[in-house]
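Some notes on the structure that comes next.
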Amino acid sequence: MSSQNQDVTSPSGSDLLQTPVMRAWQEEDRLPSLSLRESRRSGRGGAADLTTSAKNVILTEAGRSPWYSKEGVPQSAYVIGVAGGSASGKTSVSRRVLASLPNVPWVAIVSQDSFYLPLTPEQSKLAFKNEWNFDSPRSFDENLFRQCIADLKASKAVEIPVYSFVHHQRLDETTYLYGPSVIIVEGLFVLNDPELRDLLDLKVYVQADSDLMLARRIMRDTKERGRDIDGVIQHYLKWVKPAMDSYIAPTSKWADLIVPGQNNEVAVDIVSQHVKRQLEARTYRFRSELGRTPLPPDGADMSTSASMDGAYGRPQISRSSSYLVFQNMSSASSTSSETGLTSFTNNHSPIALPSSVHLLAATPQLVGLLTIIHDSTTSPEDFIFYTDRLCSLVVEEALSLLPYKNREVICNGTGRSWQGKELDVENICSVSILRSGSVFEKATRRAIPDLAQGSLLIQSCENDGEPQLYSLNLPLSIRRRSRAVNCHALLLDAQVSTGAAAFMAIRVLLDHGVPQQNIIFLSVIASARGGLWALTKAFPQVRIILAGVDPGLKKLRIEYPGPREKQPHQHRRASTRRLTGSVSADKGTTTVKSHDNSSLSSSESEHLGLPSSAPDDDDEEPSKPKVKTIWAITPGTGSIGDRYFRTD
Ligand SMILES: Nc1ncnc2c1ncn2[C@@H]1O[C@H](COP(=O)(O)OP(=O)(O)O)[C@@H](O)[C@H]1O
Ligand SMILES: Nc1ccn([C@@H]2O[C@H](COP(=O)(O)O)[C@@H](O)[C@H]2O)c(=O)n1
């Protein structure tokens, strides 16, 4: 798949929009001409398409590490305010800071210009005659602006208005923005509003001489905003200069740092070093801890119990309150030899599960299916077939937890009425944690044919195994805050070991406004160790449906095929990170992405709209094995995703 100007739309449903890939942005020093890019994107060219969506940029250079504590509480994003006069260099300074943070995941620029108030037809006429004042704090929707920055700081997804400088008007579309750890907020009056100032962690003022600002403004507005010189000067004298003197320049007193509007490399470097230190101090790493968390102590309140049926080795589950417990397990070793499963033992002690975990009743049929997927001799075809059956059982159990309302129907043949039920949800969708969550897609689609399906790419860091969020492909019913509050989400992953990926995925849905009680997490098997406990402690209202539970968890270092290395003459190209800019399909944020997708399968790359990592040259060296950390469920099934998709 080419990375050039290609729109990628969902193969599955109109409710889902995927990020279209725009163009490469590879020059290390050159700042991208975003306004040019914007006008090229529309294909119409010229200044007529200039909107503020070109000013809102997100750099997703690396995977995003956990931004929340093990209690599930998100850490605030770091917010830098950049104020200064018109054409002082605010946008340029912001982009330079952004570009100097190459390994900081997800840095965004939000421009105050996006928040210009819509004009009435009369006001619009004045604007076209250069008789409307755009240089007053009252020209902006200050409440919306402040709320948007507050939401982003609190790690929530937002929708930013798109404003057209050419039409002097707010457009119908909005820009979806989620996930920056650093937000650079730039605009004339960013240091003006005391409540907004309180949200800023670092306040920067860009200072430039008036003549320089005027010269730049004439050049910019004539070239980029379709204005004539007379109009620019008239506007400058009437509104821009007075606003500079009375509102903007005085706000420099609030700044932590005054940055010159030109020759500002040193100042930019100081800002970026400061941000890097701040971010390092905020990075959470707790996956190992999730793996270590001890089981609940003996004597914990285990009022919900599951006991083994001697004949079939099946736990009889009764749910009342706190835990599911596998009781009478001292005969577990004989049970395990009968069923091939040791999953319900923990050194012959009962295993407790949190109350929000719904374990399927271990009927002989279910245990039989679990036996097949635990069996290392099961053929790939059988593994897929029986995993699909298990997934269907899990999906049906999940659907039984959704709200239903009464429905009366007239019976076939007799014409009598029958009191029944029907699903009572406004929006329902599924979100797979790639790749292994995709094992559920067949089963979910079978149960709800028009289900909107989305995905999250979360991968483990090779060194420490911490989860990292690489990309989101969420259904509109989640991306739109107004719909997310009524959305029921089925979150899909094949296995829960430490629970770190599940933890991250749940946090993403909550950040979008999906209520905790509307999230149902579906998985085939989980380890009974720490992950489930930490997950349910942090998110007690999220229900977790499992087909089976194995008792153990083991940290392993495993070899896997590393990315192929290039010959020396290709070194420069190989070492250049892949940088692709993209704009989300609902007139989205410009996304600049450097994604090493070499570890993705070609189908994942395709799904994400990324260039395939498949070798494109003949003279590549064979791949060298690399080592990564994983947490394996024990005794376990092996990686369900790898066995299902035959990548093991
Ligand atoms: N350091 C600089 N050197 C040369 N030109 C600059 C510099 N900084 C900004 N400019 C130019 O000045 C114009 C206005 O800069 P911009 O960053 O958009 O200002 P602001 O966001 O404050 O309005 C742009 O055309 C930009 O290319
Ligand atoms: N329809 C509009 C709205 C605003 N302006 C001018 O833009 C300036 C703010 O943008 P900067 O990038 O220069 O900070 C402001 O001075 C307004 O006069 C406009 O020309 N048309």
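Going through the structure tokens in order, the chains are called A, B, and so on, while each chain numbers its residues from 1 and the ligands are numbered from 1 in the order shown.
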Test item: residues lying within 7 Å of ligand 1 with only C-alpha atoms and all ligand atoms, as a PyMOL selection string: chain A and resi 84-93+216-217+219-220+261-264
Considering only C-alpha atoms, return as a PDB file with N, CA and C atoms, in the first residue's frame whatever protein or nucleic-acid residues lie within 12 Å of Tyr68 in chain A, sequence-local ones (same chain, fewer than 2 positions apart) excluded.
ATOM      1  N   ARG A  64       2.655   4.996  22.581  1.00  0.00           N
ATOM      2  CA  ARG A  64       2.376   5.750  23.802  1.00  0.00           C
ATOM      3  C   ARG A  64       2.413   4.804  25.006  1.00  0.00           C
ATOM      4  N   SER A  65       3.294   5.088  25.954  1.00  0.00           N
ATOM      5  CA  SER A  65       3.413   4.271  27.164  1.00  0.00           C
ATOM      6  C   SER A  65       2.233   4.565  28.080  1.00  0.00           C
ATOM      7  N   PRO A  66       1.998   3.715  29.091  1.00  0.00           N
ATOM      8  CA  PRO A  66       0.851   3.956  29.983  1.00  0.00           C
ATOM      9  C   PRO A  66       0.855   5.383  30.537  1.00  0.00           C
ATOM     10  N   LYS A  70      -1.625   2.582  38.297  1.00  0.00           N
ATOM     11  CA  LYS A  70      -2.213   1.238  38.366  1.00  0.00           C
ATOM     12  C   LYS A  70      -3.586   1.255  39.025  1.00  0.00           C
ATOM     13  N   GLU A  71      -3.976   2.414  39.515  1.00  0.00           N
ATOM     14  CA  GLU A  71      -5.365   2.588  39.965  1.00  0.00           C
ATOM     15  C   GLU A  71      -6.253   2.977  38.772  1.00  0.00           C
ATOM     16  N   GLY A  72      -5.649   3.164  37.622  1.00  0.00           N
ATOM     17  CA  GLY A  72      -6.409   3.480  36.414  1.00  0.00           C
ATOM     18  C   GLY A  72      -6.632   4.977  36.222  1.00  0.00           C
ATOM     19  N   VAL A  73      -6.011   5.796  37.058  1.00  0.00           N
ATOM     20  CA  VAL A  73      -6.246   7.249  36.983  1.00  0.00           C
ATOM     21  C   VAL A  73      -5.263   7.873  35.996  1.00  0.00           C
ATOM     22  N   PRO A  74      -5.786   8.619  34.995  1.00  0.00           N
ATOM     23  CA  PRO A  74      -4.860   9.177  34.008  1.00  0.00           C
ATOM     24  C   PRO A  74      -4.009  10.313  34.560  1.00  0.00           C
ATOM     25  N   GLN A  75      -2.775  10.332  34.090  1.00  0.00           N
ATOM     26  CA  GLN A  75      -1.841  11.422  34.403  1.00  0.00           C
ATOM     27  C   GLN A  75      -2.169  12.596  33.479  1.00  0.00           C
ATOM     28  N   SER A  76      -2.059  13.800  34.003  1.00  0.00           N
ATOM     29  CA  SER A  76      -2.337  14.966  33.159  1.00  0.00           C
ATOM     30  C   SER A  76      -1.304  15.084  32.048  1.00  0.00           C
ATOM     31  N   ALA A  77      -1.772  15.487  30.885  1.00  0.00           N
ATOM     32  CA  ALA A  77      -0.826  15.809  29.809  1.00  0.00           C
ATOM     33  C   ALA A  77      -0.101  17.104  30.181  1.00  0.00           C
ATOM     34  N   ALA A 154      -6.747  16.345  30.614  1.00  0.00           N
ATOM     35  CA  ALA A 154      -7.246  15.222  31.411  1.00  0.00           C
ATOM     36  C   ALA A 154      -7.276  13.926  30.595  1.00  0.00           C
ATOM     37  N   SER A 155      -6.613  13.928  29.473  1.00  0.00           N
ATOM     38  CA  SER A 155      -6.456  12.773  28.576  1.00  0.00           C
ATOM     39  C   SER A 155      -7.751  12.351  27.873  1.00  0.00           C
ATOM     40  N   GLY A 179      -5.067  11.760  22.793  1.00  0.00           N
ATOM     41  CA  GLY A 179      -3.883  11.057  23.251  1.00  0.00           C
ATOM     42  C   GLY A 179      -2.559  11.785  23.364  1.00  0.00           C
ATOM     43  N   SER A 181       0.609  13.424  24.905  1.00  0.00           N
ATOM     44  CA  SER A 181       1.185  13.574  26.249  1.00  0.00           C
ATOM     45  C   SER A 181       1.650  15.005  26.453  1.00  0.00           C
ATOM     46  N   ARG A 282       7.069  11.412  34.276  1.00  0.00           N
ATOM     47  CA  ARG A 282       5.654  11.026  34.305  1.00  0.00           C
ATOM     48  C   ARG A 282       5.386   9.655  33.701  1.00  0.00           C
ATOM     49  N   THR A 283       6.393   8.983  33.166  1.00  0.00           N
ATOM     50  CA  THR A 283       6.125   7.711  32.494  1.00  0.00           C
ATOM     51  C   THR A 283       5.854   6.619  33.516  1.00  0.00           C
ATOM     52  N   TYR A 284       4.746   5.936  33.330  1.00  0.00           N
ATOM     53  CA  TYR A 284       4.397   4.836  34.242  1.00  0.00           C
ATOM     54  C   TYR A 284       4.896   3.512  33.674  1.00  0.00           C
ATOM     55  N   ARG A 285       5.462   2.701  34.538  1.00  0.00           N
ATOM     56  CA  ARG A 285       5.849   1.348  34.125  1.00  0.00           C
ATOM     57  C   ARG A 285       5.411   0.396  35.224  1.00  0.00           C
ATOM     58  N   PHE A 286       4.360  -0.371  34.963  1.00  0.00           N
ATOM     59  CA  PHE A 286       3.943  -1.266  36.048  1.00  0.00           C
ATOM     60  C   PHE A 286       3.503  -2.638  35.562  1.00  0.00           C
ATOM     61  N   PRO A 467       3.100  -2.169  27.732  1.00  0.00           N
ATOM     62  CA  PRO A 467       2.269  -1.968  26.542  1.00  0.00           C
ATOM     63  C   PRO A 467       2.485  -0.576  25.963  1.00  0.00           C
ATOM     64  N   ALA A 500      -2.077  -5.973  31.086  1.00  0.00           N
ATOM     65  CA  ALA A 500      -1.610  -4.613  30.787  1.00  0.00           C
ATOM     66  C   ALA A 500      -2.253  -4.034  29.528  1.00  0.00           C
ATOM     67  N   PHE A 503      -5.839  -3.248  30.268  1.00  0.00           N
ATOM     68  CA  PHE A 503      -5.847  -2.047  31.104  1.00  0.00           C
ATOM     69  C   PHE A 503      -5.799  -0.805  30.210  1.00  0.00           C
ATOM     70  N   MET A 504      -4.858  -0.828  29.262  1.00  0.00           N
ATOM     71  CA  MET A 504      -4.679   0.333  28.376  1.00  0.00           C
ATOM     72  C   MET A 504      -5.923   0.534  27.513  1.00  0.00           C
ATOM     73  N   ALA A 505      -6.456  -0.575  26.984  1.00  0.00           N
ATOM     74  CA  ALA A 505      -7.608  -0.464  26.085  1.00  0.00           C
ATOM     75  C   ALA A 505      -8.831   0.069  26.837  1.00  0.00           C
ATOM     76  N   ILE A 506      -9.033  -0.388  28.051  1.00  0.00           N
ATOM     77  CA  ILE A 506     -10.178   0.113  28.835  1.00  0.00           C
ATOM     78  C   ILE A 506      -9.997   1.610  29.080  1.00  0.00           C
ATOM     79  N   ARG A 507      -8.768   2.010  29.378  1.00  0.00           N
ATOM     80  CA  ARG A 507      -8.508   3.442  29.637  1.00  0.00           C
ATOM     81  C   ARG A 507      -8.827   4.265  28.381  1.00  0.00           C
ATOM     82  N   VAL A 508      -8.489   3.739  27.218  1.00  0.00           N
ATOM     83  CA  VAL A 508      -8.783   4.461  25.969  1.00  0.00           C
ATOM     84  C   VAL A 508     -10.292   4.675  25.830  1.00  0.00           C
ATOM     85  N   LEU A 510     -12.573   4.686  28.182  1.00  0.00           N
ATOM     86  CA  LEU A 510     -13.049   5.641  29.206  1.00  0.00           C
ATOM     87  C   LEU A 510     -12.682   7.069  28.813  1.00  0.00           C
ATOM     88  N   ASP A 511     -11.495   7.246  28.269  1.00  0.00           N
ATOM     89  CA  ASP A 511     -11.061   8.593  27.840  1.00  0.00           C
ATOM     90  C   ASP A 511     -11.984   9.152  26.757  1.00  0.00           C
ATOM     91  N   ALA A 538      -9.051  -1.556  39.434  1.00  0.00           N
ATOM     92  CA  ALA A 538      -9.034  -0.222  38.822  1.00  0.00           C
ATOM     93  C   ALA A 538     -10.376   0.097  38.151  1.00  0.00           C
TER      94      ALA A 538
END
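For ligand 2, the neighbouring protein, DNA and RNA residues, which are those within 8 Å when only C-alpha atoms and all ligand atoms are counted, are Gly84, Gly85, Ser86, Ala87, Ser88, Lys90, Thr91, Asp113, Tyr116, Ala127, Asn133, Phe134, Asp135, Ser164, Phe165, Val166, His167, His168, Gln169, Gly187, Leu188, Arg217, Asp221, Arg225, Val232, His235, Tyr236, Trp239 and Val240 of chain A.
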Take the selection from the previous step and output its residues with N, CA and C atoms, as a compact mmCIF listing (two decimals), in the first residue's frame.
# COMPACT_ATOMS: atom_id res chain seq x y z
N GLY A 84 1.74 35.47 21.72
CA GLY A 84 2.56 36.46 21.01
C GLY A 84 1.71 37.14 19.96
N GLY A 85 2.24 38.19 19.38
CA GLY A 85 1.49 38.94 18.37
C GLY A 85 1.31 38.14 17.09
N SER A 86 0.43 38.66 16.23
CA SER A 86 0.20 37.99 14.95
C SER A 86 1.49 38.01 14.12
N ALA A 87 1.85 36.85 13.57
CA ALA A 87 3.07 36.67 12.76
C ALA A 87 4.36 36.86 13.56
N SER A 88 4.25 36.77 14.87
CA SER A 88 5.49 36.85 15.68
C SER A 88 6.31 35.58 15.52
N LYS A 90 4.64 32.29 16.52
CA LYS A 90 4.09 31.31 17.47
C LYS A 90 3.99 29.91 16.83
N THR A 91 3.42 29.87 15.64
CA THR A 91 3.23 28.57 14.98
C THR A 91 4.58 27.94 14.68
N ASP A 113 -6.80 29.77 16.94
CA ASP A 113 -7.56 30.23 15.78
C ASP A 113 -8.74 29.31 15.44
N TYR A 116 -12.28 30.60 16.74
CA TYR A 116 -12.97 31.84 16.37
C TYR A 116 -14.47 31.58 16.38
N ALA A 127 -16.77 41.42 7.83
CA ALA A 127 -15.45 40.77 7.78
C ALA A 127 -14.86 40.85 6.38
N ASN A 133 -13.57 43.00 13.73
CA ASN A 133 -12.41 42.88 14.61
C ASN A 133 -12.16 41.42 15.01
N PHE A 134 -11.12 40.82 14.41
CA PHE A 134 -10.73 39.44 14.78
C PHE A 134 -9.65 39.45 15.86
N ASP A 135 -9.28 40.64 16.33
CA ASP A 135 -8.14 40.72 17.23
C ASP A 135 -8.55 41.15 18.63
N SER A 164 -12.32 28.49 8.82
CA SER A 164 -11.76 28.88 7.52
C SER A 164 -11.41 30.37 7.54
N PHE A 165 -10.13 30.68 7.31
CA PHE A 165 -9.71 32.09 7.23
C PHE A 165 -10.25 32.73 5.96
N VAL A 166 -10.52 31.91 4.98
CA VAL A 166 -10.98 32.45 3.70
C VAL A 166 -12.46 32.82 3.78
N HIS A 167 -13.23 31.95 4.43
CA HIS A 167 -14.67 32.21 4.54
C HIS A 167 -15.02 32.97 5.82
N HIS A 168 -14.01 33.25 6.63
CA HIS A 168 -14.23 33.91 7.92
C HIS A 168 -15.30 33.15 8.71
N GLN A 169 -15.26 31.86 8.68
CA GLN A 169 -16.36 31.11 9.27
C GLN A 169 -15.91 29.77 9.83
N GLY A 187 -1.58 30.79 20.33
CA GLY A 187 -2.57 31.77 19.90
C GLY A 187 -2.31 33.13 20.51
N LEU A 188 -2.99 34.12 19.93
CA LEU A 188 -2.77 35.51 20.36
C LEU A 188 -3.00 35.69 21.85
N ARG A 217 3.33 39.34 8.05
CA ARG A 217 1.89 39.21 7.90
C ARG A 217 1.46 39.55 6.47
N ASP A 221 -0.41 36.72 4.51
CA ASP A 221 -1.83 36.89 4.18
C ASP A 221 -2.08 37.03 2.68
N ARG A 225 -3.55 33.51 2.58
CA ARG A 225 -4.93 33.73 3.00
C ARG A 225 -5.75 34.50 1.95
N VAL A 232 -4.66 44.11 4.03
CA VAL A 232 -3.85 43.63 5.16
C VAL A 232 -3.38 44.83 6.00
N HIS A 235 -6.31 46.51 7.87
CA HIS A 235 -6.70 45.66 8.99
C HIS A 235 -5.67 45.75 10.12
N TYR A 236 -4.42 45.78 9.71
CA TYR A 236 -3.33 45.82 10.70
C TYR A 236 -3.42 47.09 11.54
N TRP A 239 -6.95 47.10 13.66
CA TRP A 239 -7.23 46.11 14.71
C TRP A 239 -6.01 45.43 15.29
N VAL A 240 -5.10 45.03 14.40
CA VAL A 240 -4.01 44.14 14.85
C VAL A 240 -3.04 44.86 15.79
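For the choices A:Leu359, A:Ser471, A:Glu131, A:Ile633, the atom-to-atom distance to Lys238 in chain A is smallest for A:Glu131 when using only C-alpha atoms.
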Among listed residues A:Asp209, A:Thr629, A:Leu469, A:Thr52, nearest Ile160 in chain A (using only C-alpha atoms): A:Thr52
Alpha helix (DSSP H) residues, from DSSP on the backbone, in range 373-499 of chain A, as a PyMOL selection string: chain A and resi 373-374+380-399+441-447+476-479+481-484
Which residues, written as a ChimeraX atom specification, have at least one atom at most 10 Å from range 646-648 of chain A, with only C-alpha atoms counted and residues fewer than 2 positions away on the same chain left out? /A:380-381,383-384,560,601,638-644
Dump N, CA, C and O atoms for the selected residues as a PDB file, in the first residue's frame?
ATOM      1  N   PRO A 380      -3.599 -26.828  13.216  1.00  0.00           N
ATOM      2  CA  PRO A 380      -3.991 -25.420  13.038  1.00  0.00           C
ATOM      3  C   PRO A 380      -5.453 -25.269  12.638  1.00  0.00           C
ATOM      4  O   PRO A 380      -6.153 -24.394  13.125  1.00  0.00           O
ATOM      5  N   GLU A 381      -5.939 -26.144  11.755  1.00  0.00           N
ATOM      6  CA  GLU A 381      -7.339 -26.041  11.309  1.00  0.00           C
ATOM      7  C   GLU A 381      -8.287 -26.244  12.483  1.00  0.00           C
ATOM      8  O   GLU A 381      -9.254 -25.507  12.655  1.00  0.00           O
ATOM      9  N   PHE A 383      -7.554 -25.868  15.595  1.00  0.00           N
ATOM     10  CA  PHE A 383      -7.399 -24.777  16.565  1.00  0.00           C
ATOM     11  C   PHE A 383      -8.313 -23.616  16.192  1.00  0.00           C
ATOM     12  O   PHE A 383      -9.026 -23.062  17.027  1.00  0.00           O
ATOM     13  N   ILE A 384      -8.324 -23.265  14.920  1.00  0.00           N
ATOM     14  CA  ILE A 384      -9.177 -22.156  14.470  1.00  0.00           C
ATOM     15  C   ILE A 384     -10.644 -22.508  14.678  1.00  0.00           C
ATOM     16  O   ILE A 384     -11.426 -21.725  15.247  1.00  0.00           O
ATOM     17  N   TYR A 560      12.469 -13.996  18.545  1.00  0.00           N
ATOM     18  CA  TYR A 560      11.547 -13.879  17.430  1.00  0.00           C
ATOM     19  C   TYR A 560      12.311 -13.267  16.256  1.00  0.00           C
ATOM     20  O   TYR A 560      13.344 -12.617  16.457  1.00  0.00           O
ATOM     21  N   SER A 601       2.449  -7.882  11.084  1.00  0.00           N
ATOM     22  CA  SER A 601       2.206  -8.752   9.936  1.00  0.00           C
ATOM     23  C   SER A 601       1.692  -7.879   8.799  1.00  0.00           C
ATOM     24  O   SER A 601       1.229  -6.759   9.018  1.00  0.00           O
ATOM     25  N   GLY A 638      -0.460 -21.427  24.734  1.00  0.00           N
ATOM     26  CA  GLY A 638       0.423 -20.714  23.807  1.00  0.00           C
ATOM     27  C   GLY A 638      -0.315 -19.472  23.350  1.00  0.00           C
ATOM     28  O   GLY A 638      -1.430 -19.186  23.821  1.00  0.00           O
ATOM     29  N   SER A 639       0.300 -18.732  22.442  1.00  0.00           N
ATOM     30  CA  SER A 639      -0.354 -17.507  21.968  1.00  0.00           C
ATOM     31  C   SER A 639      -1.546 -17.864  21.069  1.00  0.00           C
ATOM     32  O   SER A 639      -1.364 -18.410  19.976  1.00  0.00           O
ATOM     33  N   ILE A 640      -2.734 -17.557  21.537  1.00  0.00           N
ATOM     34  CA  ILE A 640      -3.929 -17.883  20.753  1.00  0.00           C
ATOM     35  C   ILE A 640      -3.913 -17.123  19.428  1.00  0.00           C
ATOM     36  O   ILE A 640      -4.220 -17.673  18.371  1.00  0.00           O
ATOM     37  N   GLY A 641      -3.511 -15.852  19.482  1.00  0.00           N
ATOM     38  CA  GLY A 641      -3.455 -15.040  18.255  1.00  0.00           C
ATOM     39  C   GLY A 641      -2.511 -15.660  17.234  1.00  0.00           C
ATOM     40  O   GLY A 641      -2.848 -15.813  16.061  1.00  0.00           O
ATOM     41  N   ASP A 642      -1.311 -16.046  17.696  1.00  0.00           N
ATOM     42  CA  ASP A 642      -0.331 -16.629  16.767  1.00  0.00           C
ATOM     43  C   ASP A 642      -0.823 -17.949  16.201  1.00  0.00           C
ATOM     44  O   ASP A 642      -0.650 -18.229  15.010  1.00  0.00           O
ATOM     45  N   ARG A 643      -1.432 -18.785  17.048  1.00  0.00           N
ATOM     46  CA  ARG A 643      -1.900 -20.091  16.542  1.00  0.00           C
ATOM     47  C   ARG A 643      -3.090 -19.890  15.592  1.00  0.00           C
ATOM     48  O   ARG A 643      -3.200 -20.555  14.575  1.00  0.00           O
ATOM     49  N   TYR A 644      -3.951 -18.947  15.928  1.00  0.00           N
ATOM     50  CA  TYR A 644      -5.143 -18.707  15.106  1.00  0.00           C
ATOM     51  C   TYR A 644      -4.747 -18.127  13.745  1.00  0.00           C
ATOM     52  O   TYR A 644      -5.264 -18.521  12.715  1.00  0.00           O
TER      53      TYR A 644
END
Among the residues of range 69-315 of chain A, find those DSSP assigns to strand (DSSP E or B) from the backbone and print them as an MDAnalysis selection string. chainID A and resid 74 78:84 107:111 116 140 158:164 169:177 182:186 202:207 257:260 305:309 314:315
Give me, as a ChimeraX atom specification, all polymer residues having an atom no more than 9 Å from Glu396 in chain A, counting only C-alpha atoms and skipping those fewer than 5 positions away in the same chain. /A:391,443-444,447
What lies within 8 Å of Ile373 in chain A using only C-alpha atoms, ignoring chain neighbours under 4 positions off, as a PDB file with N, CA, C and O atoms, in the first residue's frame?
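Writing done, so here's selection-v1.pdb:
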ATOM      1  N   LEU A 369     -13.802 -28.171  24.735  1.00  0.00           N
ATOM      2  CA  LEU A 369     -13.251 -27.172  23.805  1.00  0.00           C
ATOM      3  C   LEU A 369     -11.934 -26.598  24.344  1.00  0.00           C
ATOM      4  O   LEU A 369     -10.964 -26.426  23.598  1.00  0.00           O
ATOM      5  N   THR A 378      -2.950 -30.188  18.699  1.00  0.00           N
ATOM      6  CA  THR A 378      -4.112 -29.797  17.883  1.00  0.00           C
ATOM      7  C   THR A 378      -3.648 -29.175  16.565  1.00  0.00           C
ATOM      8  O   THR A 378      -2.748 -28.331  16.555  1.00  0.00           O
ATOM      9  N   PHE A 383      -7.554 -25.868  15.595  1.00  0.00           N
ATOM     10  CA  PHE A 383      -7.399 -24.777  16.565  1.00  0.00           C
ATOM     11  C   PHE A 383      -8.313 -23.616  16.192  1.00  0.00           C
ATOM     12  O   PHE A 383      -9.026 -23.062  17.027  1.00  0.00           O
ATOM     13  N   TYR A 386     -12.114 -24.656  16.742  1.00  0.00           N
ATOM     14  CA  TYR A 386     -12.596 -24.744  18.136  1.00  0.00           C
ATOM     15  C   TYR A 386     -12.454 -23.402  18.864  1.00  0.00           C
ATOM     16  O   TYR A 386     -13.234 -23.101  19.760  1.00  0.00           O
ATOM     17  N   THR A 387     -11.476 -22.598  18.440  1.00  0.00           N
ATOM     18  CA  THR A 387     -11.393 -21.248  19.026  1.00  0.00           C
ATOM     19  C   THR A 387     -12.627 -20.443  18.627  1.00  0.00           C
ATOM     20  O   THR A 387     -13.211 -19.725  19.445  1.00  0.00           O
ATOM     21  N   THR A 637      -2.219 -22.092  26.625  1.00  0.00           N
ATOM     22  CA  THR A 637      -2.545 -22.560  25.271  1.00  0.00           C
ATOM     23  C   THR A 637      -1.480 -22.124  24.273  1.00  0.00           C
ATOM     24  O   THR A 637      -1.609 -22.380  23.082  1.00  0.00           O
TER      25      THR A 637
END
Give me, as a list in words, all polymer residues having an atom no more than 10 Å from Ser460 in chain A, counting only C-alpha atoms and skipping those fewer than 2 positions away in the same chain. Gly63, Ser65, Arg287, Ile458, Glu462, Asn463, Asp464, Gly465, Glu466, Pro467, Gln468, Leu469, Ala500, Ala501, Lys628, Thr629 and Ile630 of chain A
Near-Leu393 in chain A list (12 Å; only C-alpha atoms; drop same-chain fewer than 3 positions) as a VMD selection string: chain A and resid 359 to 363 365 to 366 369 to 370 386 to 390 396 to 400 440 443 to 444 446 to 447 522 to 524 545 to 548
When you draw a straight line from CA of Ile478 in chain A to CA of His512 in chain A, how long is it in Å? 6.4 Å
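CA of Gly513 in chain A lies 27.6 Å from CA of Ile525 in chain A.
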